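Asker: Sending over structure.cif (mmCIF, C-alpha atoms (C1' of nucleotides)).
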```
data_structure
loop_
_atom_site.label_atom_id
_atom_site.label_comp_id
_atom_site.auth_asym_id
_atom_site.auth_seq_id
_atom_site.Cartn_x
_atom_site.Cartn_y
_atom_site.Cartn_z
CA MET A 189 -8.82 -18.12 7.76
CA ASP A 190 -7.55 -16.04 4.87
CA MET A 191 -4.72 -13.81 5.98
CA GLY A 192 -5.86 -11.16 3.50
CA ASP A 193 -3.81 -9.19 1.05
CA ARG A 194 -0.32 -8.33 2.15
CA LYS A 195 -1.22 -4.79 1.30
CA ASP A 196 -4.07 -4.90 3.78
CA GLU A 197 -1.85 -6.43 6.44
CA ILE A 198 0.60 -3.59 6.01
CA LEU A 199 -2.19 -1.03 6.16
CA ALA A 200 -3.64 -2.63 9.28
CA LEU A 201 -0.30 -2.46 11.05
CA ALA A 202 0.35 1.10 9.86
CA ASP A 203 -3.07 1.99 11.25
CA GLN A 204 -2.10 0.67 14.67
CA LEU A 205 1.18 2.56 14.59
CA VAL A 206 -0.43 5.84 13.53
CA LYS A 207 -2.86 5.53 16.42
CA SER A 208 -0.02 4.75 18.81
CA VAL A 209 2.82 7.08 17.78
CA GLY A 210 1.56 9.02 14.76
CA TYR A 211 2.62 9.00 11.14
CA GLY A 212 6.07 10.54 11.40
CA ALA A 213 7.30 8.29 14.19
CA PHE A 214 7.02 4.86 12.60
CA SER A 215 9.33 3.46 9.96
CA TYR A 216 9.44 0.76 7.33
CA ALA A 217 11.74 -1.06 9.75
CA ASP A 218 8.93 -1.19 12.33
CA LEU A 219 6.55 -2.64 9.78
CA SER A 220 9.20 -5.04 8.53
CA GLU A 221 9.99 -6.51 11.95
CA LYS A 222 6.40 -6.99 13.04
CA LEU A 223 5.26 -8.48 9.73
CA GLY A 224 8.30 -10.72 9.29
CA ILE A 225 9.09 -9.46 5.79
CA THR A 226 11.86 -7.15 4.65
CA LYS A 227 11.69 -3.42 4.17
CA ALA A 228 12.24 -3.93 0.46
CA SER A 229 9.08 -6.04 0.31
CA ILE A 230 7.09 -3.25 1.84
CA HIS A 231 8.53 -0.81 -0.68
CA HIS A 232 7.21 -3.16 -3.35
CA HIS A 233 3.65 -2.58 -2.11
CA PHE A 234 4.12 1.09 -1.20
CA PRO A 235 7.15 2.56 -3.01
CA HIS A 236 7.18 5.73 -0.88
CA LYS A 237 6.01 6.20 2.67
CA GLU A 238 3.72 8.89 1.34
CA ASP A 239 1.96 6.26 -0.78
CA LEU A 240 1.33 4.20 2.32
CA GLY A 241 0.05 7.25 4.18
CA ALA A 242 -2.31 8.21 1.38
CA ALA A 243 -3.62 4.65 1.05
CA LEU A 244 -4.19 4.57 4.79
CA CYS A 245 -6.24 7.77 4.54
CA ASP A 246 -8.26 6.25 1.74
CA SER A 247 -8.98 3.19 3.85
CA TYR A 248 -10.15 5.46 6.66
CA ALA A 249 -12.48 7.22 4.24
CA GLU A 250 -14.10 3.98 3.15
CA ARG A 251 -14.46 2.67 6.68
CA MET A 252 -15.96 5.93 7.89
CA LYS A 253 -18.43 6.22 5.01
CA ARG A 254 -19.67 2.70 5.64
CA GLY A 255 -19.89 3.22 9.39
CA PHE A 256 -21.72 6.53 9.11
CA GLU A 257 -24.21 5.23 6.54
CA LYS A 258 -24.97 2.28 8.76
CA ALA A 259 -25.35 4.43 11.86
CA GLU A 260 -27.66 6.90 10.14
CA ALA A 261 -29.83 4.17 8.66
CA ALA A 262 -30.17 2.35 11.98
CA PRO A 263 -32.99 3.10 14.43
CA GLY A 264 -32.30 4.63 17.83
CA ALA A 265 -31.97 7.99 19.53
CA ALA A 266 -29.55 10.62 18.29
CA TRP A 267 -27.50 10.62 21.46
CA SER A 268 -27.03 6.85 21.37
CA LYS A 269 -25.53 7.16 17.88
CA LEU A 270 -23.09 9.80 19.04
CA GLU A 271 -22.34 7.72 22.11
CA ARG A 272 -21.44 4.73 19.99
CA HIS A 273 -19.00 6.96 18.17
CA PHE A 274 -17.49 8.17 21.44
CA GLU A 275 -17.07 4.59 22.62
CA GLN A 276 -14.50 4.10 19.90
CA GLY A 277 -12.45 6.82 21.53
CA SER A 278 -12.82 5.19 24.91
CA ALA A 279 -11.54 1.90 23.48
CA LEU A 280 -8.57 3.60 21.82
CA VAL A 281 -7.40 5.32 24.99
CA ALA A 282 -7.86 2.11 26.99
CA ASP A 283 -5.72 0.25 24.41
CA HIS A 284 -2.26 1.47 25.43
CA ALA A 285 -3.13 5.17 25.20
CA LYS A 286 -3.85 5.07 21.49
CA ASN A 287 -5.19 8.15 19.77
CA CYS A 288 -7.81 8.82 17.13
CA PRO A 289 -5.93 8.48 13.83
CA LEU A 290 -7.41 11.69 12.44
CA ALA A 291 -6.36 13.58 15.56
CA ALA A 292 -2.90 12.02 15.28
CA LEU A 293 -2.61 13.28 11.70
CA GLN A 294 -3.94 16.73 12.64
CA ALA A 295 -1.20 17.02 15.23
CA GLN A 296 1.46 16.40 12.59
CA VAL A 297 -0.19 18.34 9.81
CA ASN A 298 2.80 20.64 9.30
CA THR A 299 5.04 17.65 8.55
CA LEU A 300 2.57 15.75 6.35
CA PRO A 301 3.02 15.42 2.57
CA GLU A 302 0.48 17.44 0.61
CA PRO A 303 -1.61 14.47 -0.61
CA MET A 304 -2.14 13.42 2.99
CA LYS A 305 -3.12 16.93 4.08
CA GLU A 306 -5.83 17.07 1.43
CA ARG A 307 -7.15 13.67 2.42
CA LEU A 308 -7.10 14.54 6.09
CA LYS A 309 -9.22 17.60 5.43
CA ARG A 310 -11.83 15.47 3.67
CA LEU A 311 -11.78 12.87 6.44
CA ASP A 312 -12.49 15.58 9.01
CA GLU A 313 -15.31 16.87 6.84
CA LEU A 314 -16.83 13.40 6.69
CA GLU A 315 -16.87 13.14 10.47
CA LEU A 316 -18.12 16.70 10.96
CA GLY A 317 -20.92 16.14 8.42
CA PHE A 318 -22.00 12.95 10.15
CA PHE A 319 -22.21 14.71 13.50
CA ALA A 320 -24.04 17.72 12.08
CA ARG A 321 -26.71 15.52 10.50
CA ILE A 322 -27.25 13.48 13.67
CA LEU A 323 -27.45 16.65 15.74
CA ALA A 324 -29.89 18.35 13.38
CA ALA A 325 -32.18 15.31 13.35
CA GLY A 326 -31.90 14.91 17.12
CA ARG A 327 -32.90 18.49 17.79
CA ASP A 328 -35.78 18.28 15.33
CA LYS A 329 -37.13 15.30 17.26
CA GLY A 330 -36.65 17.09 20.58
CA GLU A 331 -34.09 14.52 21.74
CA LEU A 332 -31.23 17.00 21.93
CA SER A 333 -30.95 20.61 22.98
CA PHE A 334 -28.32 23.06 21.80
CA ARG A 335 -28.11 26.58 20.41
CA GLY A 336 -26.89 27.67 16.99
CA ALA A 337 -26.21 25.73 13.81
CA PRO A 338 -25.81 21.94 13.95
CA GLU A 339 -22.50 22.40 12.10
CA ALA A 340 -21.17 24.62 14.88
CA GLN A 341 -22.34 22.22 17.57
CA ALA A 342 -20.76 19.34 15.66
CA ALA A 343 -17.46 21.22 15.58
CA LEU A 344 -17.67 21.89 19.31
CA MET A 345 -18.53 18.33 20.28
CA LEU A 346 -15.92 16.73 18.04
CA SER A 347 -13.28 19.20 19.25
CA ALA A 348 -14.11 18.30 22.84
CA TYR A 349 -14.11 14.59 22.03
CA LYS A 350 -10.68 14.64 20.37
CA GLY A 351 -9.27 16.99 22.98
CA ALA A 352 -10.49 14.74 25.78
CA MET A 353 -8.80 11.75 24.14
CA ALA A 354 -5.52 13.65 23.93
CA PHE A 355 -5.70 14.57 27.62
CA ALA A 356 -6.69 11.03 28.55
CA ARG A 357 -3.56 9.60 26.91
CA VAL A 358 -1.60 11.49 29.56
CA HIS A 359 -4.02 11.47 32.49
CA GLY A 360 -5.80 8.13 32.10
CA CYS A 361 -9.13 6.77 30.85
CA ARG A 362 -10.95 8.34 33.75
CA PHE A 363 -10.34 11.80 32.32
CA PHE A 364 -12.08 10.80 29.09
CA LYS A 365 -15.11 9.29 30.79
CA ASP A 366 -15.60 12.21 33.17
CA THR A 367 -15.21 14.77 30.40
CA MET A 368 -17.65 13.00 28.12
CA ALA A 369 -20.14 12.82 30.97
CA GLN A 370 -19.83 16.58 31.36
CA MET A 371 -20.48 16.95 27.64
CA LYS A 372 -23.58 14.80 27.89
CA ALA A 373 -24.94 17.05 30.64
CA MET A 374 -24.25 20.02 28.40
CA VAL A 375 -26.18 18.78 25.41
CA GLY A 376 -29.13 18.32 27.70
CA THR A 377 -30.22 14.71 27.64
CA MET B 150 21.14 44.89 22.35
CA ASP B 151 21.95 41.92 24.55
CA MET B 152 21.41 38.77 22.61
CA GLY B 153 20.44 36.97 25.81
CA ASP B 154 21.69 33.64 27.01
CA ARG B 155 22.45 31.20 24.27
CA LYS B 156 20.53 28.66 26.27
CA ASP B 157 17.44 30.86 26.18
CA GLU B 158 17.86 31.46 22.46
CA ILE B 159 17.93 27.73 21.88
CA LEU B 160 14.89 27.21 24.09
CA ALA B 161 13.00 29.98 22.30
CA LEU B 162 13.66 28.40 18.93
CA ALA B 163 12.84 24.91 20.20
CA ASP B 164 9.57 26.34 21.49
CA GLN B 165 8.69 27.64 18.03
CA LEU B 166 9.55 24.29 16.47
CA VAL B 167 7.52 22.29 19.00
CA LYS B 168 4.52 24.48 18.28
CA SER B 169 5.02 24.08 14.55
CA VAL B 170 6.00 20.42 14.06
CA GLY B 171 6.12 18.88 17.53
CA TYR B 172 9.00 17.53 19.58
CA GLY B 173 9.93 14.47 17.55
CA ALA B 174 10.09 16.23 14.22
CA PHE B 175 12.79 18.81 14.82
CA SER B 176 16.50 18.11 15.05
CA TYR B 177 19.67 19.66 16.34
CA ALA B 178 20.44 20.39 12.69
CA ASP B 179 17.31 22.57 12.49
CA LEU B 180 18.38 24.52 15.56
CA SER B 181 21.95 24.72 14.30
CA GLU B 182 21.04 26.21 10.93
CA LYS B 183 18.61 28.79 12.24
CA LEU B 184 20.88 29.91 15.10
CA GLY B 185 24.06 29.95 13.04
CA ILE B 186 26.01 27.74 15.42
CA THR B 187 27.01 24.10 15.08
CA LYS B 188 25.19 21.07 16.39
CA ALA B 189 28.11 20.42 18.73
CA SER B 190 27.57 23.83 20.34
CA ILE B 191 23.97 22.98 21.03
CA HIS B 192 25.02 19.68 22.54
CA HIS B 193 27.25 21.73 24.87
CA HIS B 194 24.17 23.47 26.29
CA PHE B 195 21.86 20.46 26.11
CA PRO B 196 23.89 17.22 25.91
CA HIS B 197 20.86 15.11 24.99
CA LYS B 198 17.72 16.13 23.18
CA GLU B 199 15.81 14.90 26.20
CA ASP B 200 17.57 17.55 28.31
CA LEU B 201 16.40 20.22 25.92
CA GLY B 202 12.87 18.85 26.00
CA ALA B 203 12.78 18.76 29.78
CA ALA B 204 14.20 22.29 30.07
CA LEU B 205 11.57 23.47 27.62
CA CYS B 206 8.84 21.95 29.78
CA ASP B 207 10.30 23.67 32.82
CA SER B 208 10.24 27.01 31.01
CA TYR B 209 6.60 26.40 30.12
CA ALA B 210 5.84 25.72 33.77
CA GLU B 211 7.39 29.00 34.90
CA ARG B 212 5.69 31.01 32.20
CA MET B 213 2.32 29.45 32.95
CA LYS B 214 2.58 29.93 36.70
CA ARG B 215 3.43 33.60 36.24
CA GLY B 216 0.65 34.09 33.70
CA PHE B 217 -1.98 32.35 35.78
CA GLU B 218 -1.07 34.19 38.97
CA LYS B 219 -1.28 37.48 37.16
CA ALA B 220 -4.59 36.61 35.53
CA GLU B 221 -6.16 35.49 38.80
CA ALA B 222 -4.96 38.56 40.67
CA ALA B 223 -6.23 40.94 37.99
CA PRO B 224 -9.74 42.41 38.11
CA GLY B 225 -12.32 41.54 35.46
CA ALA B 226 -15.03 39.01 34.71
CA ALA B 227 -14.33 35.28 34.70
CA TRP B 228 -15.18 34.88 31.05
CA SER B 229 -12.81 37.65 29.99
CA LYS B 230 -9.96 35.82 31.73
CA LEU B 231 -10.76 32.62 29.91
CA GLU B 232 -11.14 34.56 26.70
CA ARG B 233 -7.67 36.03 27.06
CA HIS B 234 -6.39 32.50 27.39
CA PHE B 235 -8.24 31.43 24.25
CA GLU B 236 -6.81 34.34 22.33
CA GLN B 237 -3.40 32.76 22.65
CA GLY B 238 -4.75 29.78 20.75
CA SER B 239 -6.18 32.04 18.10
CA ALA B 240 -2.78 33.71 17.64
CA LEU B 241 -1.01 30.35 17.41
CA VAL B 242 -3.27 29.01 14.67
CA ALA B 243 -3.03 32.29 12.76
CA ASP B 244 0.79 32.08 12.93
CA HIS B 245 1.42 29.42 10.28
CA ALA B 246 -0.91 26.85 11.82
CA LYS B 247 1.06 26.52 15.01
CA ASN B 248 -0.30 24.37 17.81
CA CYS B 249 -0.49 24.69 21.58
CA PRO B 250 2.82 23.21 22.79
CA LEU B 251 1.10 21.11 25.47
CA ALA B 252 -1.28 19.69 22.88
CA ALA B 253 1.67 19.01 20.58
CA LEU B 254 3.40 17.05 23.35
CA GLN B 255 0.19 15.19 24.24
CA ALA B 256 -0.06 14.02 20.64
CA GLN B 257 3.42 12.50 20.83
CA VAL B 258 3.18 11.23 24.38
CA ASN B 259 3.91 7.62 23.39
CA THR B 260 7.26 8.65 21.90
CA LEU B 261 8.30 11.06 24.67
CA PRO B 262 11.10 10.26 27.15
CA GLU B 263 9.79 9.59 30.64
CA PRO B 264 11.01 12.87 32.20
CA MET B 265 9.02 14.80 29.61
CA LYS B 266 5.88 12.72 30.18
CA GLU B 267 5.95 13.52 33.88
CA ARG B 268 6.46 17.21 33.23
CA LEU B 269 3.70 17.25 30.63
CA LYS B 270 1.28 15.79 33.14
CA ARG B 271 2.08 18.55 35.62
CA LEU B 272 1.78 21.23 32.95
CA ASP B 273 -1.68 19.99 32.06
CA GLU B 274 -2.61 20.01 35.73
CA LEU B 275 -1.48 23.62 36.03
CA GLU B 276 -3.73 24.66 33.17
CA LEU B 277 -6.67 22.57 34.38
CA GLY B 278 -6.34 23.98 37.88
CA PHE B 279 -6.29 27.53 36.58
CA PHE B 280 -9.46 26.95 34.59
CA ALA B 281 -11.23 25.19 37.45
CA ARG B 282 -10.53 28.08 39.83
CA ILE B 283 -11.71 30.72 37.35
CA LEU B 284 -14.85 28.72 36.61
CA ALA B 285 -15.65 28.15 40.28
CA ALA B 286 -15.26 31.84 41.08
CA GLY B 287 -17.24 32.84 37.98
CA ARG B 288 -20.17 30.61 38.89
CA ASP B 289 -20.13 31.82 42.49
CA LYS B 290 -20.47 35.38 41.24
CA GLY B 291 -23.26 34.40 38.86
CA GLU B 292 -21.17 35.35 35.83
CA LEU B 293 -21.03 31.84 34.45
CA SER B 294 -23.49 28.98 34.26
CA PHE B 295 -22.62 25.30 34.06
CA ARG B 296 -23.55 22.04 35.72
CA GLY B 297 -21.33 19.74 37.76
CA ALA B 298 -17.89 20.26 39.27
CA PRO B 299 -15.69 23.14 38.09
CA GLU B 300 -12.94 20.57 37.48
CA ALA B 301 -15.15 18.66 35.07
CA GLN B 302 -16.18 21.83 33.27
CA ALA B 303 -12.53 22.90 33.07
CA ALA B 304 -11.65 19.55 31.48
CA LEU B 305 -14.48 19.94 28.98
CA MET B 306 -13.63 23.49 28.00
CA LEU B 307 -9.89 22.89 27.69
CA SER B 308 -10.52 19.72 25.68
CA ALA B 309 -12.74 21.68 23.32
CA TYR B 310 -10.22 24.50 23.10
CA LYS B 311 -7.31 22.23 22.22
CA GLY B 312 -9.40 20.14 19.90
CA ALA B 313 -10.61 23.23 18.08
CA MET B 314 -7.03 24.37 17.58
CA ALA B 315 -6.10 21.01 16.11
CA PHE B 316 -9.00 21.16 13.66
CA ALA B 317 -8.21 24.78 12.81
CA ARG B 318 -4.66 23.88 11.77
CA VAL B 319 -6.24 21.86 8.96
CA HIS B 320 -9.41 23.84 8.28
CA GLY B 321 -8.35 27.42 8.96
CA CYS B 322 -8.68 30.06 11.69
CA ARG B 323 -12.37 30.39 11.00
CA PHE B 324 -13.01 26.96 12.44
CA PHE B 325 -11.44 28.01 15.72
CA LYS B 326 -13.36 31.26 16.03
CA ASP B 327 -16.71 29.67 15.20
CA THR B 328 -16.17 26.78 17.57
CA MET B 329 -15.14 29.03 20.44
CA ALA B 330 -18.21 31.17 19.82
CA GLN B 331 -20.32 28.04 20.15
CA MET B 332 -18.58 27.28 23.41
CA LYS B 333 -19.28 30.76 24.70
CA ALA B 334 -22.97 30.26 23.98
CA MET B 335 -22.82 26.99 25.87
CA VAL B 336 -21.33 28.40 29.04
CA GLY B 337 -24.19 30.85 29.08
CA THR B 338 -22.79 34.37 29.03
"C1'" DG C 12 6.20 -11.09 -4.06
"C1'" DT C 13 10.10 -11.59 -1.49
"C1'" DC C 14 14.85 -11.52 -0.81
"C1'" DT C 15 20.05 -9.61 -0.29
"C1'" DA C 16 22.71 -5.87 -0.70
"C1'" DT C 17 23.51 -1.35 -0.80
"C1'" DA C 18 23.13 3.55 -1.19
"C1'" DA C 19 22.55 8.45 0.37
"C1'" DA C 20 20.85 11.35 3.77
"C1'" DT C 21 19.75 12.39 8.39
"C1'" DG C 22 19.75 12.25 13.50
"C1'" DG C 23 21.78 12.09 17.92
"C1'" DA C 24 25.99 12.20 20.02
"C1'" DT C 25 31.24 12.60 21.33
"C1'" DA C 26 36.42 13.88 21.30
"C1'" DG C 27 39.47 17.24 21.34
"C1'" DA C 28 41.43 21.78 19.52
"C1'" DC C 29 40.87 26.80 20.01
"C1'" DG D 266 31.37 28.51 24.29
"C1'" DT D 267 32.26 27.32 19.83
"C1'" DC D 268 34.46 24.86 16.36
"C1'" DT D 269 36.08 20.67 13.22
"C1'" DA D 270 35.90 16.16 12.61
"C1'" DT D 271 34.00 11.96 13.23
"C1'" DC D 272 31.00 8.01 14.79
"C1'" DC D 273 27.20 4.98 14.73
"C1'" DA D 274 22.40 3.96 14.17
"C1'" DT D 275 18.36 4.80 11.62
"C1'" DT D 276 15.42 6.05 7.66
"C1'" DT D 277 13.94 6.12 3.09
"C1'" DA D 278 14.75 4.19 -1.04
"C1'" DT D 279 16.73 1.42 -5.18
"C1'" DA D 280 18.96 -2.45 -8.02
"C1'" DG D 281 18.84 -6.84 -9.20
"C1'" DA D 282 18.61 -12.03 -8.08
"C1'" DC D 283 15.21 -15.83 -7.02
#
```
Take the structure from the file and write it as structure tokens.

Answerer:
Amino acid sequence: MDMGDRKDEILALADQLVKSVGYGAFSYADLSEKLGITKASIHHHFPHKEDLGAALCDSYAERMKRGFEKAEAAPGAAWSKLERHFEQGSALVADHAKNCPLAALQAQVNTLPEPMKERLKRLDELELGFFARILAAGRDKGELSFRGAPEAQAALMLSAYKGAMAFARVHGCRFFKDTMAQMKAMVGT
Amino acid sequence: MDMGDRKDEILALADQLVKSVGYGAFSYADLSEKLGITKASIHHHFPHKEDLGAALCDSYAERMKRGFEKAEAAPGAAWSKLERHFEQGSALVADHAKNCPLAALQAQVNTLPEPMKERLKRLDELELGFFARILAAGRDKGELSFRGAPEAQAALMLSAYKGAMAFARVHGCRFFKDTMAQMKAMVGT
DNA sequence: GTCTATAAATGGATAGAC
DNA sequence: GTCTATCCATTTATAGAC
């Protein structure tokens, strides 16, 4: 029943807002109202918005590392691991047309402070590496079929995944499901 | 030596800014400085920012319709038509990490005024329809190979295309070229 | 750690002269 | 069609009391 650190509460809300409207479009006033504390209090925890953004990226990094380690250690077919990843996207779009936070940051990369750009690049690399490893192992076991390097296939599949989410925010969940089904047919399972 | 309509000048600059930072992140002050006229003058042409955004969408619609008609009427293989489309993305990323304007608007859809959301949806449909028709014709002629409905394949390929651009803004042009090469291998040409 | 109060800058927008 | 001048709300941020 612990409400957790204030800092974590702020980060959790910022996470929701990034997924909903992106980094540039939420303010300390938004956080203040929804948390029931003043803007000044939030500045106490994160003096500059950039500090909040960087901390948020760091929290994404930790969460992703844990999630990927767990997924790779677990038993199960390669495709089912990728599918579990894709289900997160499905849930985001279904939840008031939210977006993948990394995709949201990519879209605003030209307005992001430098420390966030660097972090974003590493976050993308984490996700791309995870996919490449799953794909390589899946092809080795004959579970998946694709041409070229696993890294290239990872880039293609993640690009399609994020792109499909972006479309689905405008055109509805159905778009995401149909497009991911088409991707599944492509990878040959 | 005609400087063209002021209105068109404003729209052309707004287009550049949307591709660079998105709709929410540029201001009348940005336009004012770069055009050398005051904010009030811009408000004369577009009273509300929303009017400017909607007019910009309308200009996209016209440009796209003309481009698609021309591409479909022209001779040449299906893949080469798609490839010409993809080259626009390549040029955007190479030009200071610009983004596809439709993708930029998709990313900010939850902050867009309603008239822009509706227009965005129709713009996406224009592009999806174009791709679906090219793909259907290409498969009929045996130039392209894919499973399922042309509409589903169009959604997949455009999702991958837009997603690859978004990644490339962070990771460099190379990412885009490699990912599109992987897509070409996938569609079997 | 949270508050009140406030500052300085910016963003969208309008009135009215030229 | 463009300008000056101005308005009001918002955003980021700080100082200092409790």

Asker: Using all atoms listed in the file, can you tell me which of D:DC268, D:DA278, D:DC273, D:DC283 comes closest to chain A?

Answerer: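 Ranking D:DC268, D:DA278, D:DC273, D:DC283 by distance to chain A, first place goes to D:DA278.
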
Asker: Please enumerate the residues selected by the PyMOL selection byres ((chain D) within 12 of (chain A)) when evaluated against the supplied file, formatted as number ranges by chain.

Answerer: D: 275-280

Asker: Determine, for each residue of chain C having at least one atom at most 10 Å from an atom of chain A, the closest pair of atoms and their separation in Å to one decimal, counting all atoms listed in the file; order by chain and ascending number, as a tab-separated table.

Answerer:
```
residue	atom	partner	partner_atom	distance
C:DG12	C1'	A:Ser229	CA	7.3
C:DT13	C1'	A:Ser229	CA	5.9
C:DC14	C1'	A:Thr226	CA	7.6
C:DT15	C1'	A:Ala228	CA	9.7
```

Asker: What separation in Å, quoted to one decimal, exists between CA of Pro263 in chain A and CA of Ala325 in chain A?

Answerer: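 Interatomic distance, CA of Pro263 in chain A to CA of Ala325 in chain A: 12.3 Å.
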
Asker: Hey, list the chain B side of the contact with chain A: 9 Å cut-off, all atoms listed in the file, answer as a VMD selection string.

Answerer: chain B and resid 169 to 171 173 to 174 245 to 248 252 to 253 255 to 260 266 to 267 269 to 270 273 295 to 298 301 to 316 318 to 320 324 327 to 332 334 to 336

Asker: Output C-alpha atoms for every residue in the selection just made, as a PDB file, in the coordinates of the input.

Answerer:
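Below is the file result_8.pdb, written as the result:
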```
ATOM      1  CA  SER B 169       5.020  24.080  14.550  1.00  0.00           C
ATOM      2  CA  VAL B 170       6.000  20.420  14.060  1.00  0.00           C
ATOM      3  CA  GLY B 171       6.120  18.880  17.530  1.00  0.00           C
ATOM      4  CA  GLY B 173       9.930  14.470  17.550  1.00  0.00           C
ATOM      5  CA  ALA B 174      10.090  16.230  14.220  1.00  0.00           C
ATOM      6  CA  HIS B 245       1.420  29.420  10.280  1.00  0.00           C
ATOM      7  CA  ALA B 246      -0.910  26.850  11.820  1.00  0.00           C
ATOM      8  CA  LYS B 247       1.060  26.520  15.010  1.00  0.00           C
ATOM      9  CA  ASN B 248      -0.300  24.370  17.810  1.00  0.00           C
ATOM     10  CA  ALA B 252      -1.280  19.690  22.880  1.00  0.00           C
ATOM     11  CA  ALA B 253       1.670  19.010  20.580  1.00  0.00           C
ATOM     12  CA  GLN B 255       0.190  15.190  24.240  1.00  0.00           C
ATOM     13  CA  ALA B 256      -0.060  14.020  20.640  1.00  0.00           C
ATOM     14  CA  GLN B 257       3.420  12.500  20.830  1.00  0.00           C
ATOM     15  CA  VAL B 258       3.180  11.230  24.380  1.00  0.00           C
ATOM     16  CA  ASN B 259       3.910   7.620  23.390  1.00  0.00           C
ATOM     17  CA  THR B 260       7.260   8.650  21.900  1.00  0.00           C
ATOM     18  CA  LYS B 266       5.880  12.720  30.180  1.00  0.00           C
ATOM     19  CA  GLU B 267       5.950  13.520  33.880  1.00  0.00           C
ATOM     20  CA  LEU B 269       3.700  17.250  30.630  1.00  0.00           C
ATOM     21  CA  LYS B 270       1.280  15.790  33.140  1.00  0.00           C
ATOM     22  CA  ASP B 273      -1.680  19.990  32.060  1.00  0.00           C
ATOM     23  CA  PHE B 295     -22.620  25.300  34.060  1.00  0.00           C
ATOM     24  CA  ARG B 296     -23.550  22.040  35.720  1.00  0.00           C
ATOM     25  CA  GLY B 297     -21.330  19.740  37.760  1.00  0.00           C
ATOM     26  CA  ALA B 298     -17.890  20.260  39.270  1.00  0.00           C
ATOM     27  CA  ALA B 301     -15.150  18.660  35.070  1.00  0.00           C
ATOM     28  CA  GLN B 302     -16.180  21.830  33.270  1.00  0.00           C
ATOM     29  CA  ALA B 303     -12.530  22.900  33.070  1.00  0.00           C
ATOM     30  CA  ALA B 304     -11.650  19.550  31.480  1.00  0.00           C
ATOM     31  CA  LEU B 305     -14.480  19.940  28.980  1.00  0.00           C
ATOM     32  CA  MET B 306     -13.630  23.490  28.000  1.00  0.00           C
ATOM     33  CA  LEU B 307      -9.890  22.890  27.690  1.00  0.00           C
ATOM     34  CA  SER B 308     -10.520  19.720  25.680  1.00  0.00           C
ATOM     35  CA  ALA B 309     -12.740  21.680  23.320  1.00  0.00           C
ATOM     36  CA  TYR B 310     -10.220  24.500  23.100  1.00  0.00           C
ATOM     37  CA  LYS B 311      -7.310  22.230  22.220  1.00  0.00           C
ATOM     38  CA  GLY B 312      -9.400  20.140  19.900  1.00  0.00           C
ATOM     39  CA  ALA B 313     -10.610  23.230  18.080  1.00  0.00           C
ATOM     40  CA  MET B 314      -7.030  24.370  17.580  1.00  0.00           C
ATOM     41  CA  ALA B 315      -6.100  21.010  16.110  1.00  0.00           C
ATOM     42  CA  PHE B 316      -9.000  21.160  13.660  1.00  0.00           C
ATOM     43  CA  ARG B 318      -4.660  23.880  11.770  1.00  0.00           C
ATOM     44  CA  VAL B 319      -6.240  21.860   8.960  1.00  0.00           C
ATOM     45  CA  HIS B 320      -9.410  23.840   8.280  1.00  0.00           C
ATOM     46  CA  PHE B 324     -13.010  26.960  12.440  1.00  0.00           C
ATOM     47  CA  ASP B 327     -16.710  29.670  15.200  1.00  0.00           C
ATOM     48  CA  THR B 328     -16.170  26.780  17.570  1.00  0.00           C
ATOM     49  CA  MET B 329     -15.140  29.030  20.440  1.00  0.00           C
ATOM     50  CA  ALA B 330     -18.210  31.170  19.820  1.00  0.00           C
ATOM     51  CA  GLN B 331     -20.320  28.040  20.150  1.00  0.00           C
ATOM     52  CA  MET B 332     -18.580  27.280  23.410  1.00  0.00           C
ATOM     53  CA  ALA B 334     -22.970  30.260  23.980  1.00  0.00           C
ATOM     54  CA  MET B 335     -22.820  26.990  25.870  1.00  0.00           C
ATOM     55  CA  VAL B 336     -21.330  28.400  29.040  1.00  0.00           C
TER      56      VAL B 336
END
```

Asker: Produce a table with one row for each residue of chain D that has an atom at most 12 Å from any atom of range 23-26 of chain C, each row naming the nearest atom pair and its distance in Å at one decimal; use only C-alpha atoms (C1' of nucleotides); arrange rows by chain and rising residue number; format as a Markdown table.

Answerer:
```
| residue | atom | partner | partner_atom | distance |
| --- | --- | --- | --- | --- |
| D:DT269 | C1' | C:DA26 | C1' | 10.6 |
| D:DA270 | C1' | C:DA26 | C1' | 9.0 |
| D:DT271 | C1' | C:DT25 | C1' | 8.6 |
| D:DC272 | C1' | C:DT25 | C1' | 8.0 |
| D:DC273 | C1' | C:DA24 | C1' | 9.0 |
| D:DA274 | C1' | C:DG23 | C1' | 9.0 |
| D:DT275 | C1' | C:DG23 | C1' | 10.2 |
```

Asker: Could the residues in this selection be saved with C-alpha atoms (C1' of nucleotides) as a short mmCIF file (atom, residue, chain, number, x, y, z; two decimals), in the frame of the given file?

Answerer:
```
data_model
loop_
_atom_site.label_atom_id
_atom_site.label_comp_id
_atom_site.auth_asym_id
_atom_site.auth_seq_id
_atom_site.Cartn_x
_atom_site.Cartn_y
_atom_site.Cartn_z
"C1'" DT D 269 36.08 20.67 13.22
"C1'" DA D 270 35.90 16.16 12.61
"C1'" DT D 271 34.00 11.96 13.23
"C1'" DC D 272 31.00 8.01 14.79
"C1'" DC D 273 27.20 4.98 14.73
"C1'" DA D 274 22.40 3.96 14.17
"C1'" DT D 275 18.36 4.80 11.62
#
```

Asker: Can you translate the PyMOL selection byres ((chain A and resi 266) around 10) into the concrete residues it hits in this file, as JSON, numbers by chain?

Answerer: {"A": [259, 260, 263, 264, 265, 267, 268, 269, 270, 271, 319, 321, 322, 323, 324, 325, 326, 327, 329, 330, 331, 332]}
